[in-house]
Amino acid sequence: MIVKNSTTAKMVVVDAEILCQPSVSVEYLGVSTAAPVDDEDLGFFDVSPATTPSSLSKSREFRSADSVSVDISRSDSGVRCSTSTQTTIIDSTRSSNVIPAIRSGSYTDIGPRRSNEDEHIRVDDLSAQLGARYNWPLPGAFYAVFDGHGGSDAAAYVKTNAMRFFFEDADLPQTSVVDQAFLEELESSHFRAFLIADQALADECSVDAYCGTTAITALVLGRHLVVANAGDCRAVICRKGVAVQLSQDHRPSCLVERQRVEKLGGIIEYGCLNGDLAITRALGDWYMKLPFGSASPLTAEPEVKQMLLTEDDEFMILGCDGIWDVMSNQEAVNIVRRELRLHNDPQQSARELVNQALCKDTDDNLTAIIVCFTSPDHRPSVPSQRPRFRCCSLSEDARKKLQSLLGSN
């Protein structure tokens, strides 16, 4: 996360197809498949699954009746994005009843900074983590990246208390059937969790009012994926080798975010909110916010998006802006996909992604989580290469001529 008071505006290209609308309505984005494109953790909360359930309840498929394909051109200053929380169901043309086999890896690096203000969480088995509080009929997993600024206290505090914020205080829905009503309530609880964490930072004496953090979370429940984001961390999924961005960066360069900020009395100066912050949504930073419950130019309200995973979805990347500032979504997907084909290890793949970003001279901390949706013995098919040599037969005349030539030499 970059916090600065500078005369140089920092502009970032949003490299993805994103559905953005200044309304609160439920929207449906149809994403078609495309041809594949060739080409140790430091202080994180990590819980890996002990066992895989032998029998899993089938979830009801939640799809849109009429999909709308939206193509938004790349622009630094004219990116359209949502001014409020919206629910977006990203639906693929291929669906499957197969429950993803979740496994993950992560890596973080201090980069060129004096300290690492990033924090992250990965829980591959929510039922093992939550125990009796987990009453859902499908297996679940939870991941989060917190990119701190103004110090590491805010990010560290949210990470330490994240399981309470998201799975206790947020009034998580309990049900034996995963249907549309349950999924909508699940999204609402994630929205509440961001606001609960934000208020907790305001009340926490150990966290300075000038300290804050962006946050992105991903909850996997069976084949359902819910992503919530406030700030400029990003979630990108690999669908048959093609990068699909799942979250919107909340920066002053986003046209609708700028309009929202200015409408509430904020200003964009030197490319930053009030000339100070390079993001327009974050937890904490209470020196820039009005009393809790009042609309402020800087808000902790997340955008929440939902999608149905299919057999075409290979893995997801959650990363801080230190990665996305120096490489595109497709570049990151290509790196991770290549690494997984080599060793099928999400931990090593996360390390390589961070190392590649370091080679591109990023000026920030770096954190990446790789979440694989396929089992280790189910790798994407790799086209076989044409053999370098092939056998061929010679006619009798050709054979005699060849012998004659060889004999003369």
# chains A, B, ... in the order shown; residues from 1 in each chain; ligands from 1

call {"tool": "residues_around", "arguments": {"residues": "Ile268 (chain A)", "least_positions_apart": "2", "cutoff": "12 Å", "atoms": "only C-alpha atoms", "output": "PyMOL selection string"}}
result
chain A and resi 5+7+9-10+251-255+257-266+270-280+297-298

call {"tool": "write_last_selection", "arguments": {"atoms": "N, CA and C atoms", "output": "mmCIF file, in the first residue's frame"}}
result
data_model
loop_
_atom_site.group_PDB
_atom_site.id
_atom_site.type_symbol
_atom_site.label_atom_id
_atom_site.label_comp_id
_atom_site.auth_asym_id
_atom_site.auth_seq_id
_atom_site.Cartn_x
_atom_site.Cartn_y
_atom_site.Cartn_z
ATOM 1 N N ASN A 5 2.371 11.893 0.172
ATOM 2 C CA ASN A 5 1.970 13.250 -0.145
ATOM 3 C C ASN A 5 2.967 13.741 -1.164
ATOM 4 N N THR A 7 3.816 15.252 -5.400
ATOM 5 C CA THR A 7 3.327 16.025 -6.533
ATOM 6 C C THR A 7 3.170 15.174 -7.771
ATOM 7 N N ALA A 9 1.220 12.071 -9.476
ATOM 8 C CA ALA A 9 0.073 11.169 -9.354
ATOM 9 C C ALA A 9 0.478 9.782 -9.760
ATOM 10 N N LYS A 10 0.049 8.773 -9.005
ATOM 11 C CA LYS A 10 0.365 7.379 -9.322
ATOM 12 C C LYS A 10 -0.831 6.784 -10.021
ATOM 13 N N ARG A 251 -9.257 3.120 -6.178
ATOM 14 C CA ARG A 251 -8.240 4.160 -6.217
ATOM 15 C C ARG A 251 -8.833 5.451 -6.768
ATOM 16 N N PRO A 252 -8.188 6.589 -6.512
ATOM 17 C CA PRO A 252 -8.696 7.859 -7.037
ATOM 18 C C PRO A 252 -8.742 7.897 -8.568
ATOM 19 N N SER A 253 -7.961 7.056 -9.236
ATOM 20 C CA SER A 253 -7.986 7.025 -10.701
ATOM 21 C C SER A 253 -9.263 6.398 -11.242
ATOM 22 N N CYS A 254 -10.041 5.758 -10.384
ATOM 23 C CA CYS A 254 -11.334 5.203 -10.767
ATOM 24 C C CYS A 254 -12.342 6.354 -10.819
ATOM 25 N N LEU A 255 -12.949 6.550 -11.976
ATOM 26 C CA LEU A 255 -13.799 7.719 -12.201
ATOM 27 C C LEU A 255 -14.963 7.793 -11.219
ATOM 28 N N GLU A 257 -15.283 6.234 -8.306
ATOM 29 C CA GLU A 257 -14.784 6.431 -6.943
ATOM 30 C C GLU A 257 -14.447 7.902 -6.707
ATOM 31 N N ARG A 258 -13.853 8.533 -7.710
ATOM 32 C CA ARG A 258 -13.545 9.966 -7.604
ATOM 33 C C ARG A 258 -14.835 10.777 -7.421
ATOM 34 N N GLN A 259 -15.858 10.436 -8.197
ATOM 35 C CA GLN A 259 -17.124 11.152 -8.082
ATOM 36 C C GLN A 259 -17.762 10.945 -6.713
ATOM 37 N N ARG A 260 -17.675 9.717 -6.201
ATOM 38 C CA ARG A 260 -18.225 9.440 -4.869
ATOM 39 C C ARG A 260 -17.504 10.262 -3.805
ATOM 40 N N VAL A 261 -16.175 10.298 -3.905
ATOM 41 C CA VAL A 261 -15.355 11.050 -2.943
ATOM 42 C C VAL A 261 -15.702 12.539 -2.974
ATOM 43 N N GLU A 262 -15.767 13.102 -4.170
ATOM 44 C CA GLU A 262 -16.024 14.538 -4.302
ATOM 45 C C GLU A 262 -17.437 14.900 -3.854
ATOM 46 N N LYS A 263 -18.391 13.998 -4.081
ATOM 47 C CA LYS A 263 -19.765 14.250 -3.659
ATOM 48 C C LYS A 263 -19.872 14.333 -2.137
ATOM 49 N N LEU A 264 -18.987 13.606 -1.443
ATOM 50 C CA LEU A 264 -19.015 13.582 0.022
ATOM 51 C C LEU A 264 -18.066 14.605 0.644
ATOM 52 N N GLY A 265 -17.514 15.488 -0.200
ATOM 53 C CA GLY A 265 -16.687 16.572 0.321
ATOM 54 C C GLY A 265 -15.199 16.318 0.301
ATOM 55 N N GLY A 266 -14.766 15.160 -0.195
ATOM 56 C CA GLY A 266 -13.343 14.887 -0.295
ATOM 57 C C GLY A 266 -12.754 15.498 -1.553
ATOM 58 N N TYR A 270 -2.932 15.468 -6.202
ATOM 59 C CA TYR A 270 -1.713 14.715 -6.503
ATOM 60 C C TYR A 270 -2.006 13.223 -6.690
ATOM 61 N N GLY A 271 -3.195 12.905 -7.173
ATOM 62 C CA GLY A 271 -3.563 11.513 -7.398
ATOM 63 C C GLY A 271 -3.930 10.760 -6.137
ATOM 64 N N CYS A 272 -4.101 11.459 -5.015
ATOM 65 C CA CYS A 272 -4.400 10.811 -3.740
ATOM 66 C C CYS A 272 -5.646 11.421 -3.107
ATOM 67 N N LEU A 273 -6.317 10.635 -2.284
ATOM 68 C CA LEU A 273 -7.477 11.112 -1.537
ATOM 69 C C LEU A 273 -7.015 12.128 -0.499
ATOM 70 N N ASN A 274 -7.557 13.333 -0.595
ATOM 71 C CA ASN A 274 -7.149 14.445 0.278
ATOM 72 C C ASN A 274 -5.641 14.662 0.250
ATOM 73 N N GLY A 275 -5.021 14.302 -0.873
ATOM 74 C CA GLY A 275 -3.586 14.492 -1.049
ATOM 75 C C GLY A 275 -2.734 13.583 -0.205
ATOM 76 N N ASP A 276 -3.334 12.534 0.384
ATOM 77 C CA ASP A 276 -2.612 11.734 1.366
ATOM 78 C C ASP A 276 -2.644 10.235 1.084
ATOM 79 N N LEU A 277 -3.811 9.677 0.744
ATOM 80 C CA LEU A 277 -3.960 8.236 0.561
ATOM 81 C C LEU A 277 -4.160 7.884 -0.912
ATOM 82 N N ALA A 278 -3.477 6.823 -1.342
ATOM 83 C CA ALA A 278 -3.581 6.394 -2.732
ATOM 84 C C ALA A 278 -4.735 5.430 -2.961
ATOM 85 N N ILE A 279 -5.605 5.286 -1.949
ATOM 86 C CA ILE A 279 -6.781 4.429 -2.086
ATOM 87 C C ILE A 279 -8.003 5.197 -1.554
ATOM 88 N N THR A 280 -9.202 4.717 -1.940
ATOM 89 C CA THR A 280 -10.427 5.407 -1.526
ATOM 90 C C THR A 280 -11.276 4.560 -0.573
ATOM 91 N N PRO A 297 -15.725 10.222 2.621
ATOM 92 C CA PRO A 297 -15.000 9.992 1.369
ATOM 93 C C PRO A 297 -14.166 8.708 1.415
ATOM 94 N N LEU A 298 -13.522 8.461 2.554
ATOM 95 C CA LEU A 298 -12.820 7.192 2.759
ATOM 96 C C LEU A 298 -13.769 6.251 3.497
#

call {"tool": "residues_around", "arguments": {"residues": "Ala155 (chain A)", "least_positions_apart": "3", "cutoff": "10 Å", "atoms": "only C-alpha atoms", "output": "JSON, numbers by chain"}}
result
{"A": [117, 118, 119, 120, 145, 146, 147, 148, 149, 151, 152, 158, 159, 160, 201, 207, 211, 212, 213, 214, 215, 283, 284]}

call {"tool": "residues_around", "arguments": {"residues": "Ile323 (chain A)", "least_positions_apart": "3", "cutoff": "10 Å", "atoms": "only C-alpha atoms", "output": "ChimeraX atom specification"}}
result
/A:233-234,318-320,326-329,332,353-358,360,362-368

call {"tool": "closest_residue", "arguments": {"among": "A:Leu186, A:Phe292, A:Ala156, A:Ala170", "to": "Asp203 (chain A)", "atoms": "only C-alpha atoms"}}
result
A:Phe292

call {"tool": "select_by_dssp", "arguments": {"residues": "region 161-339 of chain A", "states": "helix (DSSP H, G or I)", "output": "ChimeraX atom specification"}}
result
/A:161-169,180-203,255-263,286-288,321-324,329-339

call {"tool": "closest_residue", "arguments": {"among": "A:Val336, A:Ala398, A:Cys238, A:Met163", "to": "Ile121 (chain A)", "atoms": "only C-alpha atoms"}}
result
A:Met163

call {"tool": "atom_distance", "arguments": {"atom1": "CA of Gln348 (chain A)", "atom2": "CA of Ser106 (chain A)"}}
result
8.2 Å

call {"tool": "atom_distance", "arguments": {"atom1": "CA of Lys240 (chain A)", "atom2": "CA of Glu314 (chain A)"}}
result
6.7 Å

call {"tool": "atom_distance", "arguments": {"atom1": "CA of Arg133 (chain A)", "atom2": "CA of Leu172 (chain A)"}}
result
9.7 Å

call {"tool": "select_by_dssp", "arguments": {"residues": "region 123-354 of chain A", "states": "strand (DSSP E or B)", "output": "JSON, numbers by chain"}}
result
{"A": [123, 140, 141, 142, 143, 144, 145, 146, 147, 148, 149, 212, 213, 214, 215, 216, 217, 218, 219, 220, 221, 224, 225, 226, 227, 228, 229, 230, 234, 235, 236, 237, 238, 239, 242, 243, 244, 245, 254, 268, 269, 272, 273, 277, 281, 283, 284, 299, 303, 304, 305, 306, 307, 308, 313, 314, 315, 316, 317, 318, 319]}

call {"tool": "decode", "arguments": {"residues": "region 345-379 of chain A", "atoms": "N, CA and C atoms", "output": "mmCIF file, in the first residue's frame"}}
result
data_model
loop_
_atom_site.group_PDB
_atom_site.id
_atom_site.type_symbol
_atom_site.label_atom_id
_atom_site.label_comp_id
_atom_site.auth_asym_id
_atom_site.auth_seq_id
_atom_site.Cartn_x
_atom_site.Cartn_y
_atom_site.Cartn_z
ATOM 1 N N ASP A 345 2.983 -27.257 -6.761
ATOM 2 C CA ASP A 345 3.091 -26.827 -5.371
ATOM 3 C C ASP A 345 2.667 -25.361 -5.266
ATOM 4 N N PRO A 346 1.502 -25.065 -4.677
ATOM 5 C CA PRO A 346 1.058 -23.667 -4.597
ATOM 6 C C PRO A 346 1.966 -22.792 -3.742
ATOM 7 N N GLN A 347 2.660 -23.396 -2.780
ATOM 8 C CA GLN A 347 3.585 -22.621 -1.954
ATOM 9 C C GLN A 347 4.761 -22.102 -2.787
ATOM 10 N N GLN A 348 5.379 -22.991 -3.556
ATOM 11 C CA GLN A 348 6.473 -22.583 -4.424
ATOM 12 C C GLN A 348 5.995 -21.627 -5.507
ATOM 13 N N SER A 349 4.770 -21.817 -5.968
ATOM 14 C CA SER A 349 4.227 -20.935 -6.999
ATOM 15 C C SER A 349 4.036 -19.522 -6.460
ATOM 16 N N ALA A 350 3.569 -19.399 -5.217
ATOM 17 C CA ALA A 350 3.415 -18.086 -4.603
ATOM 18 C C ALA A 350 4.772 -17.401 -4.435
ATOM 19 N N ARG A 351 5.771 -18.178 -4.034
ATOM 20 C CA ARG A 351 7.122 -17.621 -3.879
ATOM 21 C C ARG A 351 7.660 -17.100 -5.221
ATOM 22 N N GLU A 352 7.459 -17.879 -6.279
ATOM 23 C CA GLU A 352 7.969 -17.484 -7.591
ATOM 24 C C GLU A 352 7.255 -16.230 -8.098
ATOM 25 N N LEU A 353 5.947 -16.127 -7.843
ATOM 26 C CA LEU A 353 5.212 -14.936 -8.256
ATOM 27 C C LEU A 353 5.762 -13.696 -7.560
ATOM 28 N N VAL A 354 6.014 -13.793 -6.269
ATOM 29 C CA VAL A 354 6.580 -12.672 -5.524
ATOM 30 C C VAL A 354 7.981 -12.347 -6.030
ATOM 31 N N ASN A 355 8.797 -13.369 -6.285
ATOM 32 C CA ASN A 355 10.155 -13.136 -6.780
ATOM 33 C C ASN A 355 10.161 -12.453 -8.139
ATOM 34 N N GLN A 356 9.215 -12.834 -8.996
ATOM 35 C CA GLN A 356 9.124 -12.193 -10.313
ATOM 36 C C GLN A 356 8.730 -10.721 -10.177
ATOM 37 N N ALA A 357 7.856 -10.418 -9.231
ATOM 38 C CA ALA A 357 7.489 -9.021 -8.992
ATOM 39 C C ALA A 357 8.680 -8.224 -8.459
ATOM 40 N N LEU A 358 9.493 -8.851 -7.624
ATOM 41 C CA LEU A 358 10.705 -8.193 -7.128
ATOM 42 C C LEU A 358 11.665 -7.877 -8.271
ATOM 43 N N CYS A 359 11.743 -8.780 -9.229
ATOM 44 C CA CYS A 359 12.619 -8.561 -10.379
ATOM 45 C C CYS A 359 12.153 -7.393 -11.247
ATOM 46 N N LYS A 360 10.876 -7.049 -11.133
ATOM 47 C CA LYS A 360 10.322 -5.943 -11.909
ATOM 48 C C LYS A 360 10.386 -4.625 -11.141
ATOM 49 N N ASP A 361 11.172 -4.606 -10.083
ATOM 50 C CA ASP A 361 11.457 -3.381 -9.320
ATOM 51 C C ASP A 361 10.212 -2.787 -8.659
ATOM 52 N N THR A 362 9.406 -3.609 -8.038
ATOM 53 C CA THR A 362 8.304 -3.083 -7.240
ATOM 54 C C THR A 362 8.855 -2.289 -6.072
ATOM 55 N N ASP A 363 8.111 -1.282 -5.624
ATOM 56 C CA ASP A 363 8.588 -0.449 -4.519
ATOM 57 C C ASP A 363 7.766 -0.669 -3.258
ATOM 58 N N ASP A 364 7.146 -1.839 -3.125
ATOM 59 C CA ASP A 364 6.228 -2.084 -2.024
ATOM 60 C C ASP A 364 6.477 -3.453 -1.409
ATOM 61 N N ASN A 365 5.823 -3.713 -0.270
ATOM 62 C CA ASN A 365 5.772 -5.078 0.274
ATOM 63 C C ASN A 365 5.019 -5.963 -0.709
ATOM 64 N N LEU A 366 5.260 -7.266 -0.607
ATOM 65 C CA LEU A 366 4.639 -8.204 -1.548
ATOM 66 C C LEU A 366 4.032 -9.383 -0.789
ATOM 67 N N THR A 367 2.782 -9.700 -1.098
ATOM 68 C CA THR A 367 2.121 -10.864 -0.521
ATOM 69 C C THR A 367 1.236 -11.501 -1.571
ATOM 70 N N ALA A 368 1.302 -12.836 -1.667
ATOM 71 C CA ALA A 368 0.467 -13.565 -2.625
ATOM 72 C C ALA A 368 -0.029 -14.854 -1.982
ATOM 73 N N ILE A 369 -1.301 -15.157 -2.217
ATOM 74 C CA ILE A 369 -1.893 -16.439 -1.838
ATOM 75 C C ILE A 369 -2.356 -17.126 -3.112
ATOM 76 N N ILE A 370 -1.991 -18.390 -3.273
ATOM 77 C CA ILE A 370 -2.449 -19.187 -4.406
ATOM 78 C C ILE A 370 -3.403 -20.251 -3.865
ATOM 79 N N VAL A 371 -4.626 -20.259 -4.367
ATOM 80 C CA VAL A 371 -5.632 -21.244 -3.957
ATOM 81 C C VAL A 371 -5.941 -22.127 -5.166
ATOM 82 N N CYS A 372 -5.601 -23.405 -5.064
ATOM 83 C CA CYS A 372 -5.829 -24.342 -6.168
ATOM 84 C C CYS A 372 -7.189 -25.022 -5.996
ATOM 85 N N PHE A 373 -7.895 -25.167 -7.113
ATOM 86 C CA PHE A 373 -9.212 -25.793 -7.101
ATOM 87 C C PHE A 373 -9.193 -27.209 -7.649
ATOM 88 N N THR A 374 -8.022 -27.724 -7.976
ATOM 89 C CA THR A 374 -7.895 -29.087 -8.486
ATOM 90 C C THR A 374 -6.967 -29.871 -7.582
ATOM 91 N N SER A 375 -7.149 -31.174 -7.536
ATOM 92 C CA SER A 375 -6.320 -32.039 -6.706
ATOM 93 C C SER A 375 -4.940 -32.180 -7.323
ATOM 94 N N PRO A 376 -3.923 -32.575 -6.544
ATOM 95 C CA PRO A 376 -2.557 -32.687 -7.066
ATOM 96 C C PRO A 376 -2.421 -33.630 -8.254
ATOM 97 N N ASP A 377 -3.282 -34.651 -8.339
ATOM 98 C CA ASP A 377 -3.167 -35.608 -9.437
ATOM 99 C C ASP A 377 -4.015 -35.227 -10.639
ATOM 100 N N HIS A 378 -4.598 -34.006 -10.611
ATOM 101 C CA HIS A 378 -5.420 -33.551 -11.725
ATOM 102 C C HIS A 378 -4.864 -32.234 -12.238
ATOM 103 N N ARG A 379 -3.880 -32.300 -13.084
ATOM 104 C CA ARG A 379 -3.266 -31.110 -13.635
ATOM 105 C C ARG A 379 -3.906 -30.766 -14.972
#
